[in-house]
$ cat target_16.pdb   # PDB, N, CA and C atoms, pLDDT in the B column
MODEL        1
ATOM      1  N   VAL V  23     -59.342 -60.825 -94.554  1.00 94.00           N
ATOM      2  CA  VAL V  23     -60.027 -60.053 -93.514  1.00 94.00           C
ATOM      3  C   VAL V  23     -61.088 -60.944 -92.874  1.00 94.00           C
ATOM      4  N   TYR V  24     -61.085 -60.978 -91.549  1.00 98.00           N
ATOM      5  CA  TYR V  24     -62.074 -61.735 -90.787  1.00 98.00           C
ATOM      6  C   TYR V  24     -62.911 -60.756 -89.989  1.00 98.00           C
ATOM      7  N   SER V  25     -64.231 -60.978 -89.964  1.00 97.00           N
ATOM      8  CA  SER V  25     -65.141 -60.058 -89.290  1.00 97.00           C
ATOM      9  C   SER V  25     -65.650 -60.643 -87.988  1.00 97.00           C
ATOM     10  N   LEU V  26     -65.762 -59.778 -87.006  1.00 97.00           N
ATOM     11  CA  LEU V  26     -66.268 -60.139 -85.692  1.00 97.00           C
ATOM     12  C   LEU V  26     -67.231 -59.039 -85.277  1.00 97.00           C
ATOM     13  N   ILE V  27     -68.427 -59.423 -84.839  1.00 98.00           N
ATOM     14  CA  ILE V  27     -69.445 -58.446 -84.452  1.00 98.00           C
ATOM     15  C   ILE V  27     -69.713 -58.568 -82.957  1.00 98.00           C
ATOM     16  N   ILE V  28     -69.843 -57.426 -82.302  1.00 98.00           N
ATOM     17  CA  ILE V  28     -70.265 -57.385 -80.910  1.00 98.00           C
ATOM     18  C   ILE V  28     -71.714 -56.910 -80.916  1.00 98.00           C
ATOM     19  N   ARG V  29     -72.607 -57.777 -80.430  1.00 98.00           N
ATOM     20  CA  ARG V  29     -74.028 -57.440 -80.376  1.00 98.00           C
ATOM     21  C   ARG V  29     -74.602 -58.059 -79.110  1.00 98.00           C
ATOM     22  N   ASP V  30     -75.372 -57.300 -78.347  1.00 97.00           N
ATOM     23  CA  ASP V  30     -75.953 -57.780 -77.082  1.00 97.00           C
ATOM     24  C   ASP V  30     -74.872 -58.296 -76.137  1.00 97.00           C
ATOM     25  N   HIS V  31     -73.731 -57.630 -76.113  1.00 97.00           N
ATOM     26  CA  HIS V  31     -72.590 -57.966 -75.255  1.00 97.00           C
ATOM     27  C   HIS V  31     -72.052 -59.361 -75.520  1.00 97.00           C
ATOM     28  N   ARG V  32     -72.117 -59.801 -76.777  1.00 97.00           N
ATOM     29  CA  ARG V  32     -71.584 -61.101 -77.185  1.00 97.00           C
ATOM     30  C   ARG V  32     -70.799 -60.934 -78.481  1.00 97.00           C
ATOM     31  N   PHE V  33     -69.759 -61.758 -78.643  1.00 98.00           N
ATOM     32  CA  PHE V  33     -69.012 -61.788 -79.895  1.00 98.00           C
ATOM     33  C   PHE V  33     -69.688 -62.773 -80.838  1.00 98.00           C
ATOM     34  N   GLN V  34     -69.854 -62.363 -82.084  1.00 98.00           N
ATOM     35  CA  GLN V  34     -70.451 -63.228 -83.098  1.00 98.00           C
ATOM     36  C   GLN V  34     -69.602 -63.200 -84.351  1.00 98.00           C
ATOM     37  N   PRO V  35     -69.127 -64.309 -84.870  1.00 97.00           N
ATOM     38  CA  PRO V  35     -69.248 -65.643 -84.278  1.00 97.00           C
ATOM     39  C   PRO V  35     -68.332 -65.782 -83.057  1.00 97.00           C
ATOM     40  N   ALA V  36     -68.640 -66.745 -82.212  1.00 96.00           N
ATOM     41  CA  ALA V  36     -67.846 -66.954 -81.003  1.00 96.00           C
ATOM     42  C   ALA V  36     -66.521 -67.638 -81.324  1.00 96.00           C
ATOM     43  N   GLU V  37     -66.459 -68.288 -82.490  1.00 98.00           N
ATOM     44  CA  GLU V  37     -65.213 -68.955 -82.899  1.00 98.00           C
ATOM     45  C   GLU V  37     -64.868 -68.583 -84.330  1.00 98.00           C
ATOM     46  N   ILE V  38     -63.611 -68.247 -84.549  1.00 97.00           N
ATOM     47  CA  ILE V  38     -63.121 -67.917 -85.890  1.00 97.00           C
ATOM     48  C   ILE V  38     -61.915 -68.800 -86.158  1.00 97.00           C
ATOM     49  N   THR V  39     -61.903 -69.433 -87.327  1.00 98.00           N
ATOM     50  CA  THR V  39     -60.755 -70.253 -87.711  1.00 98.00           C
ATOM     51  C   THR V  39     -59.943 -69.497 -88.747  1.00 98.00           C
ATOM     52  N   ILE V  40     -58.643 -69.375 -88.482  1.00 97.00           N
ATOM     53  CA  ILE V  40     -57.736 -68.673 -89.390  1.00 97.00           C
ATOM     54  C   ILE V  40     -56.588 -69.611 -89.759  1.00 97.00           C
ATOM     55  N   PRO V  41     -55.876 -69.320 -90.846  1.00 97.00           N
ATOM     56  CA  PRO V  41     -54.722 -70.169 -91.198  1.00 97.00           C
ATOM     57  C   PRO V  41     -53.544 -69.918 -90.253  1.00 97.00           C
ATOM     58  N   ALA V  42     -52.940 -70.980 -89.784  1.00 98.00           N
ATOM     59  CA  ALA V  42     -51.752 -70.862 -88.931  1.00 98.00           C
ATOM     60  C   ALA V  42     -50.591 -70.321 -89.760  1.00 98.00           C
ATOM     61  N   GLY V  43     -49.714 -69.568 -89.122  1.00 98.00           N
ATOM     62  CA  GLY V  43     -48.514 -69.077 -89.784  1.00 98.00           C
ATOM     63  C   GLY V  43     -48.709 -67.859 -90.663  1.00 98.00           C
ATOM     64  N   LYS V  44     -49.914 -67.256 -90.645  1.00 97.00           N
ATOM     65  CA  LYS V  44     -50.159 -66.068 -91.464  1.00 97.00           C
ATOM     66  C   LYS V  44     -50.690 -64.939 -90.602  1.00 97.00           C
ATOM     67  N   LYS V  45     -50.306 -63.715 -90.959  1.00 97.00           N
ATOM     68  CA  LYS V  45     -50.835 -62.529 -90.282  1.00 97.00           C
ATOM     69  C   LYS V  45     -52.197 -62.232 -90.893  1.00 97.00           C
ATOM     70  N   VAL V  46     -53.181 -61.990 -90.045  1.00 97.00           N
ATOM     71  CA  VAL V  46     -54.526 -61.702 -90.539  1.00 97.00           C
ATOM     72  C   VAL V  46     -55.063 -60.413 -89.924  1.00 97.00           C
ATOM     73  N   LYS V  47     -56.045 -59.855 -90.618  1.00 98.00           N
ATOM     74  CA  LYS V  47     -56.701 -58.622 -90.188  1.00 98.00           C
ATOM     75  C   LYS V  47     -58.079 -58.994 -89.645  1.00 98.00           C
ATOM     76  N   LEU V  48     -58.344 -58.579 -88.428  1.00 97.00           N
ATOM     77  CA  LEU V  48     -59.622 -58.834 -87.783  1.00 97.00           C
ATOM     78  C   LEU V  48     -60.369 -57.508 -87.686  1.00 97.00           C
ATOM     79  N   LEU V  49     -61.522 -57.430 -88.333  1.00 98.00           N
ATOM     80  CA  LEU V  49     -62.346 -56.225 -88.295  1.00 98.00           C
ATOM     81  C   LEU V  49     -63.443 -56.452 -87.269  1.00 98.00           C
ATOM     82  N   VAL V  50     -63.418 -55.672 -86.192  1.00 98.00           N
ATOM     83  CA  VAL V  50     -64.378 -55.833 -85.101  1.00 98.00           C
ATOM     84  C   VAL V  50     -65.372 -54.678 -85.154  1.00 98.00           C
ATOM     85  N   GLU V  51     -66.650 -55.023 -85.267  1.00 98.00           N
ATOM     86  CA  GLU V  51     -67.706 -54.003 -85.310  1.00 98.00           C
ATOM     87  C   GLU V  51     -68.552 -54.120 -84.049  1.00 98.00           C
ATOM     88  N   ASN V  52     -68.581 -53.052 -83.270  1.00 98.00           N
ATOM     89  CA  ASN V  52     -69.392 -53.015 -82.059  1.00 98.00           C
ATOM     90  C   ASN V  52     -70.746 -52.401 -82.407  1.00 98.00           C
ATOM     91  N   GLN V  53     -71.787 -53.233 -82.445  1.00 98.00           N
ATOM     92  CA  GLN V  53     -73.130 -52.740 -82.775  1.00 98.00           C
ATOM     93  C   GLN V  53     -73.889 -52.293 -81.530  1.00 98.00           C
ATOM     94  N   ASP V  54     -73.309 -52.528 -80.354  1.00 98.00           N
ATOM     95  CA  ASP V  54     -73.936 -52.064 -79.114  1.00 98.00           C
ATOM     96  C   ASP V  54     -73.694 -50.566 -78.932  1.00 98.00           C
ATOM     97  N   ALA V  55     -74.503 -49.951 -78.091  1.00 98.00           N
ATOM     98  CA  ALA V  55     -74.347 -48.515 -77.808  1.00 98.00           C
ATOM     99  C   ALA V  55     -73.212 -48.252 -76.824  1.00 98.00           C
ATOM    100  N   THR V  56     -72.827 -49.283 -76.076  1.00 97.00           N
ATOM    101  CA  THR V  56     -71.790 -49.124 -75.055  1.00 97.00           C
ATOM    102  C   THR V  56     -70.451 -49.679 -75.550  1.00 97.00           C
ATOM    103  N   PRO V  57     -69.340 -49.166 -75.036  1.00 98.00           N
ATOM    104  CA  PRO V  57     -68.034 -49.663 -75.473  1.00 98.00           C
ATOM    105  C   PRO V  57     -67.772 -51.087 -74.969  1.00 98.00           C
ATOM    106  N   GLU V  58     -66.900 -51.776 -75.669  1.00 98.00           N
ATOM    107  CA  GLU V  58     -66.450 -53.103 -75.261  1.00 98.00           C
ATOM    108  C   GLU V  58     -64.962 -53.201 -75.549  1.00 98.00           C
ATOM    109  N   GLU V  59     -64.275 -54.007 -74.756  1.00 96.00           N
ATOM    110  CA  GLU V  59     -62.846 -54.181 -74.962  1.00 96.00           C
ATOM    111  C   GLU V  59     -62.563 -55.589 -75.440  1.00 96.00           C
ATOM    112  N   PHE V  60     -61.889 -55.703 -76.589  1.00 97.00           N
ATOM    113  CA  PHE V  60     -61.407 -56.995 -77.075  1.00 97.00           C
ATOM    114  C   PHE V  60     -60.101 -57.247 -76.347  1.00 97.00           C
ATOM    115  N   GLU V  61     -60.059 -58.316 -75.553  1.00 97.00           N
ATOM    116  CA  GLU V  61     -58.853 -58.611 -74.802  1.00 97.00           C
ATOM    117  C   GLU V  61     -58.500 -60.090 -74.917  1.00 97.00           C
ATOM    118  N   SER V  62     -57.216 -60.351 -75.132  1.00 97.00           N
ATOM    119  CA  SER V  62     -56.724 -61.724 -75.191  1.00 97.00           C
ATOM    120  C   SER V  62     -55.299 -61.753 -74.670  1.00 97.00           C
ATOM    121  N   HIS V  63     -55.107 -62.497 -73.592  1.00 97.00           N
ATOM    122  CA  HIS V  63     -53.760 -62.639 -73.043  1.00 97.00           C
ATOM    123  C   HIS V  63     -52.894 -63.490 -73.967  1.00 97.00           C
ATOM    124  N   SER V  64     -53.472 -64.555 -74.526  1.00 96.00           N
ATOM    125  CA  SER V  64     -52.698 -65.450 -75.392  1.00 96.00           C
ATOM    126  C   SER V  64     -52.327 -64.803 -76.727  1.00 96.00           C
ATOM    127  N   LEU V  65     -53.141 -63.843 -77.184  1.00 97.00           N
ATOM    128  CA  LEU V  65     -52.832 -63.119 -78.422  1.00 97.00           C
ATOM    129  C   LEU V  65     -52.061 -61.827 -78.147  1.00 97.00           C
ATOM    130  N   ASN V  66     -51.948 -61.459 -76.887  1.00 96.00           N
ATOM    131  CA  ASN V  66     -51.284 -60.228 -76.478  1.00 96.00           C
ATOM    132  C   ASN V  66     -51.931 -59.007 -77.140  1.00 96.00           C
ATOM    133  N   ARG V  67     -53.266 -58.966 -77.090  1.00 96.00           N
ATOM    134  CA  ARG V  67     -54.021 -57.858 -77.689  1.00 96.00           C
ATOM    135  C   ARG V  67     -55.030 -57.321 -76.689  1.00 96.00           C
ATOM    136  N   GLU V  68     -55.206 -55.998 -76.742  1.00 96.00           N
ATOM    137  CA  GLU V  68     -56.161 -55.307 -75.883  1.00 96.00           C
ATOM    138  C   GLU V  68     -56.591 -54.055 -76.635  1.00 96.00           C
ATOM    139  N   LYS V  69     -57.890 -53.947 -76.936  1.00 97.00           N
ATOM    140  CA  LYS V  69     -58.354 -52.796 -77.709  1.00 97.00           C
ATOM    141  C   LYS V  69     -59.786 -52.471 -77.321  1.00 97.00           C
ATOM    142  N   VAL V  70     -60.028 -51.221 -76.970  1.00 97.00           N
ATOM    143  CA  VAL V  70     -61.379 -50.767 -76.655  1.00 97.00           C
ATOM    144  C   VAL V  70     -62.052 -50.332 -77.955  1.00 97.00           C
ATOM    145  N   ILE V  71     -63.264 -50.844 -78.172  1.00 98.00           N
ATOM    146  CA  ILE V  71     -64.047 -50.462 -79.348  1.00 98.00           C
ATOM    147  C   ILE V  71     -65.256 -49.693 -78.835  1.00 98.00           C
ATOM    148  N   ALA V  72     -65.337 -48.428 -79.191  1.00 98.00           N
ATOM    149  CA  ALA V  72     -66.445 -47.571 -78.745  1.00 98.00           C
ATOM    150  C   ALA V  72     -67.762 -48.109 -79.285  1.00 98.00           C
ATOM    151  N   GLY V  73     -68.861 -47.739 -78.617  1.00 98.00           N
ATOM    152  CA  GLY V  73     -70.181 -48.134 -79.085  1.00 98.00           C
ATOM    153  C   GLY V  73     -70.443 -47.618 -80.489  1.00 98.00           C
ATOM    154  N   LYS V  74     -71.096 -48.448 -81.284  1.00 98.00           N
ATOM    155  CA  LYS V  74     -71.463 -48.096 -82.674  1.00 98.00           C
ATOM    156  C   LYS V  74     -70.248 -47.708 -83.514  1.00 98.00           C
ATOM    157  N   SER V  75     -69.146 -48.442 -83.355  1.00 98.00           N
ATOM    158  CA  SER V  75     -67.959 -48.143 -84.153  1.00 98.00           C
ATOM    159  C   SER V  75     -67.217 -49.429 -84.513  1.00 98.00           C
ATOM    160  N   LYS V  76     -66.153 -49.285 -85.293  1.00 98.00           N
ATOM    161  CA  LYS V  76     -65.359 -50.416 -85.768  1.00 98.00           C
ATOM    162  C   LYS V  76     -63.897 -50.213 -85.406  1.00 98.00           C
ATOM    163  N   ALA V  77     -63.184 -51.322 -85.320  1.00 98.00           N
ATOM    164  CA  ALA V  77     -61.746 -51.270 -85.058  1.00 98.00           C
ATOM    165  C   ALA V  77     -61.074 -52.403 -85.815  1.00 98.00           C
ATOM    166  N   THR V  78     -59.814 -52.193 -86.178  1.00 98.00           N
ATOM    167  CA  THR V  78     -59.030 -53.220 -86.855  1.00 98.00           C
ATOM    168  C   THR V  78     -57.953 -53.720 -85.902  1.00 98.00           C
ATOM    169  N   ILE V  79     -57.843 -55.037 -85.823  1.00 97.00           N
ATOM    170  CA  ILE V  79     -56.832 -55.664 -84.972  1.00 97.00           C
ATOM    171  C   ILE V  79     -56.065 -56.662 -85.837  1.00 97.00           C
ATOM    172  N   TYR V  80     -54.750 -56.528 -85.869  1.00 97.00           N
ATOM    173  CA  TYR V  80     -53.918 -57.476 -86.608  1.00 97.00           C
ATOM    174  C   TYR V  80     -53.422 -58.546 -85.648  1.00 97.00           C
ATOM    175  N   ILE V  81     -53.538 -59.802 -86.067  1.00 96.00           N
ATOM    176  CA  ILE V  81     -53.061 -60.906 -85.241  1.00 96.00           C
ATOM    177  C   ILE V  81     -52.238 -61.867 -86.081  1.00 96.00           C
ATOM    178  N   GLY V  82     -51.348 -62.571 -85.413  1.00 94.00           N
ATOM    179  CA  GLY V  82     -50.529 -63.562 -86.106  1.00 94.00           C
ATOM    180  C   GLY V  82     -49.202 -62.998 -86.533  1.00 94.00           C
ATOM    181  N   PRO V  83     -48.425 -63.862 -87.173  1.00 97.00           N
ATOM    182  CA  PRO V  83     -48.732 -65.266 -87.466  1.00 97.00           C
ATOM    183  C   PRO V  83     -48.763 -66.103 -86.188  1.00 97.00           C
ATOM    184  N   LEU V  84     -49.706 -67.053 -86.139  1.00 98.00           N
ATOM    185  CA  LEU V  84     -49.910 -67.879 -84.963  1.00 98.00           C
ATOM    186  C   LEU V  84     -49.529 -69.330 -85.223  1.00 98.00           C
ATOM    187  N   SER V  85     -49.070 -69.990 -84.191  1.00 98.00           N
ATOM    188  CA  SER V  85     -48.859 -71.434 -84.250  1.00 98.00           C
ATOM    189  C   SER V  85     -50.233 -72.092 -84.152  1.00 98.00           C
ATOM    190  N   PRO V  86     -50.380 -73.325 -84.674  1.00 98.00           N
ATOM    191  CA  PRO V  86     -51.674 -74.001 -84.554  1.00 98.00           C
ATOM    192  C   PRO V  86     -52.107 -74.087 -83.090  1.00 98.00           C
ATOM    193  N   GLY V  87     -53.381 -73.827 -82.846  1.00 98.00           N
ATOM    194  CA  GLY V  87     -53.901 -73.883 -81.482  1.00 98.00           C
ATOM    195  C   GLY V  87     -55.136 -73.036 -81.322  1.00 98.00           C
ATOM    196  N   LYS V  88     -55.612 -72.977 -80.081  1.00 98.00           N
ATOM    197  CA  LYS V  88     -56.817 -72.209 -79.741  1.00 98.00           C
ATOM    198  C   LYS V  88     -56.414 -71.034 -78.873  1.00 98.00           C
ATOM    199  N   TYR V  89     -56.869 -69.840 -79.240  1.00 98.00           N
ATOM    200  CA  TYR V  89     -56.518 -68.602 -78.561  1.00 98.00           C
ATOM    201  C   TYR V  89     -57.798 -67.912 -78.072  1.00 98.00           C
ATOM    202  N   PRO V  90     -58.097 -68.000 -76.770  1.00 98.00           N
ATOM    203  CA  PRO V  90     -59.324 -67.378 -76.264  1.00 98.00           C
ATOM    204  C   PRO V  90     -59.230 -65.852 -76.189  1.00 98.00           C
ATOM    205  N   TYR V  91     -60.384 -65.207 -76.315  1.00 97.00           N
ATOM    206  CA  TYR V  91     -60.490 -63.755 -76.128  1.00 97.00           C
ATOM    207  C   TYR V  91     -61.787 -63.466 -75.377  1.00 97.00           C
ATOM    208  N   PHE V  92     -61.888 -62.282 -74.834  1.00 98.00           N
ATOM    209  CA  PHE V  92     -63.097 -61.919 -74.095  1.00 98.00           C
ATOM    210  C   PHE V  92     -63.290 -60.419 -74.119  1.00 98.00           C
ATOM    211  N   GLY V  93     -64.487 -60.007 -73.744  1.00 97.00           N
ATOM    212  CA  GLY V  93     -64.799 -58.590 -73.601  1.00 97.00           C
ATOM    213  C   GLY V  93     -64.611 -58.196 -72.154  1.00 97.00           C
ATOM    214  N   GLU V  94     -63.690 -57.319 -71.896  1.00 93.00           N
ATOM    215  CA  GLU V  94     -63.360 -56.913 -70.522  1.00 93.00           C
ATOM    216  C   GLU V  94     -64.569 -56.344 -69.777  1.00 93.00           C
ATOM    217  N   PHE V  95     -65.448 -55.622 -70.470  1.00 96.00           N
ATOM    218  CA  PHE V  95     -66.562 -54.947 -69.815  1.00 96.00           C
ATOM    219  C   PHE V  95     -67.772 -55.865 -69.583  1.00 96.00           C
ATOM    220  N   ASN V  96     -67.859 -56.968 -70.337  1.00 95.00           N
ATOM    221  CA  ASN V  96     -68.955 -57.929 -70.200  1.00 95.00           C
ATOM    222  C   ASN V  96     -68.396 -59.348 -70.278  1.00 95.00           C
ATOM    223  N   ALA V  97     -67.464 -59.649 -69.416  1.00 93.00           N
ATOM    224  CA  ALA V  97     -66.721 -60.916 -69.479  1.00 93.00           C
ATOM    225  C   ALA V  97     -67.611 -62.143 -69.326  1.00 93.00           C
ATOM    226  N   ALA V  98     -68.756 -62.006 -68.649  1.00 95.00           N
ATOM    227  CA  ALA V  98     -69.636 -63.161 -68.458  1.00 95.00           C
ATOM    228  C   ALA V  98     -70.263 -63.630 -69.768  1.00 95.00           C
ATOM    229  N   THR V  99     -70.516 -62.712 -70.709  1.00 96.00           N
ATOM    230  CA  THR V  99     -71.179 -63.085 -71.961  1.00 96.00           C
ATOM    231  C   THR V  99     -70.292 -62.923 -73.187  1.00 96.00           C
ATOM    232  N   ALA V 100     -69.390 -61.972 -73.166  1.00 97.00           N
ATOM    233  CA  ALA V 100     -68.563 -61.676 -74.350  1.00 97.00           C
ATOM    234  C   ALA V 100     -67.291 -62.527 -74.313  1.00 97.00           C
ATOM    235  N   GLN V 101     -67.401 -63.736 -74.888  1.00 97.00           N
ATOM    236  CA  GLN V 101     -66.254 -64.649 -74.924  1.00 97.00           C
ATOM    237  C   GLN V 101     -66.181 -65.331 -76.282  1.00 97.00           C
ATOM    238  N   GLY V 102     -64.980 -65.708 -76.657  1.00 98.00           N
ATOM    239  CA  GLY V 102     -64.810 -66.415 -77.907  1.00 98.00           C
ATOM    240  C   GLY V 102     -63.391 -66.924 -78.038  1.00 98.00           C
ATOM    241  N   SER V 103     -63.104 -67.485 -79.205  1.00 98.00           N
ATOM    242  CA  SER V 103     -61.745 -67.970 -79.437  1.00 98.00           C
ATOM    243  C   SER V 103     -61.401 -67.947 -80.923  1.00 98.00           C
ATOM    244  N   ILE V 104     -60.126 -67.823 -81.164  1.00 98.00           N
ATOM    245  CA  ILE V 104     -59.583 -67.903 -82.515  1.00 98.00           C
ATOM    246  C   ILE V 104     -58.822 -69.229 -82.600  1.00 98.00           C
ATOM    247  N   ILE V 105     -59.123 -69.981 -83.642  1.00 98.00           N
ATOM    248  CA  ILE V 105     -58.463 -71.262 -83.837  1.00 98.00           C
ATOM    249  C   ILE V 105     -57.549 -71.138 -85.051  1.00 98.00           C
ATOM    250  N   ALA V 106     -56.277 -71.386 -84.843  1.00 98.00           N
ATOM    251  CA  ALA V 106     -55.304 -71.344 -85.936  1.00 98.00           C
ATOM    252  C   ALA V 106     -55.055 -72.778 -86.394  1.00 98.00           C
ATOM    253  N   LYS V 107     -55.282 -73.030 -87.682  1.00 97.00           N
ATOM    254  CA  LYS V 107     -55.077 -74.376 -88.242  1.00 97.00           C
ATOM    255  C   LYS V 107     -54.121 -74.305 -89.417  1.00 97.00           C
TER     256      LYS V 107
ENDMDL
END

$ encode --input "target_16.pdb" --output "structure tokens"
Amino acid sequence: VYSLIIRDHRFQPAEITIPAGKKVKLLVENQDATPEEFESHSLNREKVIAGKSKATIYIGPLSPGKYPYFGEFNAATAQGSIIAK
């Protein structure tokens, strides 16, 4: 299980490294009062996380590489990437 926190319209940590070739569980906790959307075209994932709530997103198995994601509602600040090694 990998944890990702949304706080002040930013993803923390901004980069997560996961093992390539394995399916992983990403637990996203939105600590802001407003909703945010975890979106990634390269991961083919889109999920709205309500304010002050948590969501689980399954990703992988992935080939080695860098997979960017962003927050649809605060795209200027809410950005990050998943690195599969």

$ residues_around --input "target_16.pdb" --residues "Tyr24 in chain V" --least-positions-apart "3" --cutoff "6 Å" --atoms "all atoms listed in the file" --output "list in words"
Lys47, Leu48 and Leu49 of chain V

$ closest_residue --input "target_16.pdb" --among "V:Lys45, V:Gly82, V:His31, V:Gly73" --to "Phe95 in chain V" --atoms "all atoms listed in the file"
V:His31

$ residues_around --input "target_16.pdb" --residues "Asn52 in chain V" --least-positions-apart "5" --cutoff "12 Å" --atoms "only C-alpha atoms" --output "PyMOL selection string"
chain V and resi 25-34+57-60+69-78+93+100

$ atom_distance --input "target_16.pdb" --atom1 "atom C of Val46 in chain V" --atom2 "CA of Gln101 in chain V"
19.2 Å

$ atom_distance --input "target_16.pdb" --atom1 "CA of Pro35 in chain V" --atom2 "CA of Tyr91 in chain V"
12.1 Å

$ atom_distance --input "target_16.pdb" --atom1 "CA of Val23 in chain V" --atom2 "atom C of Pro41 in chain V"
12.2 Å

$ select_by_dssp --input "target_16.pdb" --residues "range 61-106 of chain V" --states "strand (DSSP E)" --output "ChimeraX atom specification"
/V:61-62,67-71,75-81,87-93,101-106

$ closest_residue --input "target_16.pdb" --among "V:Lys107, V:Thr99, V:Ile38, V:Pro90" --to "His63 in chain V" --atoms "all atoms listed in the file"
V:Pro90

$ closest_residue --input "target_16.pdb" --among "V:Lys88, V:Ser103, V:Glu68, V:Ile79" --to "Val50 in chain V" --atoms "all atoms listed in the file"
V:Ile79

$ closest_residue --input "target_16.pdb" --among "V:Gly43, V:Pro86, V:Glu94, V:Tyr80" --to "Ala106 in chain V" --atoms "only C-alpha atoms"
V:Pro86

$ closest_residue --input "target_16.pdb" --among "V:Lys44, V:Glu61, V:Glu37, V:Leu84" --to "Asn96 in chain V" --atoms "only C-alpha atoms"
V:Glu61

$ closest_residue --input "target_16.pdb" --among "V:Ala42, V:Ile105, V:Ser62, V:Glu51" --to "Phe92 in chain V" --atoms "only N, CA and C atoms"
V:Ser62
